[in-house]
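Note sheet for the following structure.
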Amino acid sequence: KQKIIDSIILSGQTPPPKNSIRVTPIVKTEQYIIAAPTLEKVPQGGAPTDLLEHLFPALLQDVTSACNVDTNRIFIAGFSMGGHFTWAKILHQPDYFAGAVPMMGACDDMAALSNLQSLPVYIIHGDKDTIVPVECSRSANEALTALKYDVTYREQKGLGHYLFSDKSPECAKLLTWIKSKTRNPYPKKISYKFSGQSAPVKRIYWLEVARKDMNPFTVEAEVIDNIINIKSSGLAD
């Protein structure tokens with residue numbers, strides 16, 4: 001029987017060597033699988049994060065079908081543009097992952113951070129970043145901390161818009177964090193806030209919302225003594 005191993009899904013950006021879009025080969029390590037979509041061309045009028053969104057389902061399917069992956073130990077991480085995508089993905093589909101690692105990225109929908117109630121987040125940013133201001137990550141960390149969610153913030157002193165070495169103590173700390181996290185597919189409490197900035201998802205964990213328009217809404221659902229209590233605003237009765 002194939003050994004169950006963790007899967008880390010990376011979204012990132014590299015210098016474009018040719019005009020195409022590809023997914024890098026799945027890289028297997030002793031304990032992890034690393035699969036990274038790489039954008040080598042952004043079609044005119046298309047946003048890079050839209051392309052990553054298009055690639056992501058196929059990437060996830062390829063990894064889980066080709067390898068004996070523990071689906072409760074899948075993580076998403078991304079640097080720069082990949083950091084933006086990581087934030088965008090987890091805000092409306094946090095139930096996919098055991099944890100998220102946005103690096104040097106920005107959260108464009110701060111109002112939806114309440115959706116991360118059951119998702120641990122490990123934020124990394126350099127305080128000398130001149131491409132994506134460190135204040136972006138500071139603000140997200142402050143908001144998640146105020147909500148008393150599971151957030152770890154690592155601000156790298158003197159670091160600009162680039163990553164530390166995989167030999168760095170910071171990398172070891174990140175791997176220790178990853179090893180400690182496991183997805184809870186059935187949390188007893190779910191918060192889903194849709195602010196109208198992107199298409200709403202139909203289902204988050206066990207909560208399904210039948211909504212097609214782009215009007216903002218909020219749903220709070222909690223299981224207490226085998227009874228589901230739901231509070232909502234912006235939805236029809």
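Chains: A, B, ... in order of the structure tokens. Residues: from 1 per chain. Ligands: from 1, in order shown.
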
Test item: residues at most 8 Å from Leu235 of chain A, only C-alpha atoms, excluding those fewer than 3 positions along its chain, as a list in words: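 Once the adjacent positions are removed, what remains is Phe217, Thr218 and Ser232 of chain A.
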
List every residue of segment 89-224 of chain A that DSSP, applied to the backbone of this structure, places in alpha helix (DSSP H), and write the result as a short mmCIF file (atom, residue, chain, number, x, y, z; two decimals) with N, CA and C atoms, in the first residue's frame.
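In the end it all went to result.cif:
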data_model
loop_
_atom_site.label_atom_id
_atom_site.label_comp_id
_atom_site.auth_asym_id
_atom_site.auth_seq_id
_atom_site.Cartn_x
_atom_site.Cartn_y
_atom_site.Cartn_z
N LYS A 89 -8.09 32.56 -2.55
CA LYS A 89 -8.63 31.20 -2.55
C LYS A 89 -9.20 30.82 -1.18
N ILE A 90 -8.47 31.11 -0.14
CA ILE A 90 -8.90 30.65 1.19
C ILE A 90 -10.07 31.45 1.74
N LEU A 91 -10.24 32.69 1.30
CA LEU A 91 -11.34 33.50 1.83
C LEU A 91 -12.70 32.90 1.50
N HIS A 92 -12.80 32.22 0.35
CA HIS A 92 -14.09 31.68 -0.06
C HIS A 92 -14.10 30.16 -0.19
N GLU A 135 2.57 46.50 5.27
CA GLU A 135 1.33 46.86 5.96
C GLU A 135 0.16 45.98 5.54
N CYS A 136 0.21 45.42 4.33
CA CYS A 136 -0.85 44.52 3.87
C CYS A 136 -0.96 43.30 4.79
N SER A 137 0.19 42.70 5.10
CA SER A 137 0.19 41.52 5.97
C SER A 137 -0.03 41.90 7.43
N ARG A 138 0.49 43.04 7.83
CA ARG A 138 0.26 43.48 9.20
C ARG A 138 -1.22 43.66 9.48
N SER A 139 -1.93 44.27 8.52
CA SER A 139 -3.36 44.51 8.70
C SER A 139 -4.14 43.21 8.78
N ALA A 140 -3.79 42.25 7.92
CA ALA A 140 -4.47 40.95 7.95
C ALA A 140 -4.20 40.23 9.26
N ASN A 141 -2.98 40.27 9.72
CA ASN A 141 -2.63 39.65 11.00
C ASN A 141 -3.40 40.28 12.15
N GLU A 142 -3.47 41.60 12.17
CA GLU A 142 -4.19 42.30 13.23
C GLU A 142 -5.67 41.93 13.23
N ALA A 143 -6.26 41.82 12.04
CA ALA A 143 -7.68 41.47 11.94
C ALA A 143 -7.94 40.05 12.42
N LEU A 144 -7.09 39.10 12.01
CA LEU A 144 -7.27 37.71 12.43
C LEU A 144 -7.00 37.54 13.92
N THR A 145 -6.04 38.28 14.44
CA THR A 145 -5.75 38.23 15.87
C THR A 145 -6.92 38.76 16.67
N ALA A 146 -7.53 39.85 16.19
CA ALA A 146 -8.69 40.43 16.87
C ALA A 146 -9.86 39.45 16.90
N PRO A 169 16.58 29.16 9.32
CA PRO A 169 15.78 28.72 10.47
C PRO A 169 14.30 29.02 10.29
N GLU A 170 13.99 30.06 9.52
CA GLU A 170 12.58 30.40 9.29
C GLU A 170 11.87 29.30 8.53
N CYS A 171 12.57 28.66 7.60
CA CYS A 171 11.98 27.55 6.85
C CYS A 171 11.69 26.38 7.78
N ALA A 172 12.59 26.11 8.70
CA ALA A 172 12.39 25.03 9.66
C ALA A 172 11.18 25.30 10.55
N LYS A 173 10.99 26.58 10.93
CA LYS A 173 9.84 26.95 11.75
C LYS A 173 8.53 26.73 10.99
N LEU A 174 8.55 27.07 9.71
CA LEU A 174 7.36 26.88 8.88
C LEU A 174 7.02 25.40 8.76
N LEU A 175 8.01 24.56 8.54
CA LEU A 175 7.76 23.12 8.41
C LEU A 175 7.24 22.53 9.72
N THR A 176 7.73 23.03 10.83
CA THR A 176 7.23 22.58 12.13
C THR A 176 5.76 22.93 12.28
N TRP A 177 5.40 24.13 11.84
CA TRP A 177 4.00 24.57 11.88
C TRP A 177 3.13 23.68 11.00
N ILE A 178 3.61 23.40 9.79
CA ILE A 178 2.85 22.56 8.85
C ILE A 178 2.60 21.17 9.44
N LYS A 179 3.61 20.61 10.07
CA LYS A 179 3.46 19.27 10.66
C LYS A 179 2.43 19.23 11.77
#

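Going from atom CA of Ala77 of chain A to atom CA of Met214 of chain A covers 27.6 Å.
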
Those in segment 70-237 of chain A with strand (DSSP E or B) from DSSP, as a ChimeraX atom specification: /A:70-79,99-103,121-126,151-156,189-194,203-204,207-208,217-224,227-233

Pro94 of chain A environment, 10 Å, only C-alpha atoms, sequence neighbours closer than 3 positions dropped, as JSON, numbers by chain: {"A": [76, 87, 88, 89, 90, 91, 97, 98, 99, 100, 115, 116, 117, 118, 119, 120, 183, 185, 204, 205]}

Using only C-alpha atoms: which of A:Val219, A:Ala112, A:Val134, A:Met103 has the shortest distance to Ser233 of chain A: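 Of A:Val219, A:Ala112, A:Val134, A:Met103, the one nearest Ser233 of chain A, counting only C-alpha atoms, is A:Val219.
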
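Shortest separation to Gly196 of chain A among A:Ile34, A:Ala66, A:Ala111, A:Val101 occurs at residue A:Ala111, atoms counted being only C-alpha atoms.
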
Counting only C-alpha atoms, the residue of A:Asp150, A:Asp166, A:Pro57, A:Asp225 that sits nearest Lys188 of chain A: A:Asp225
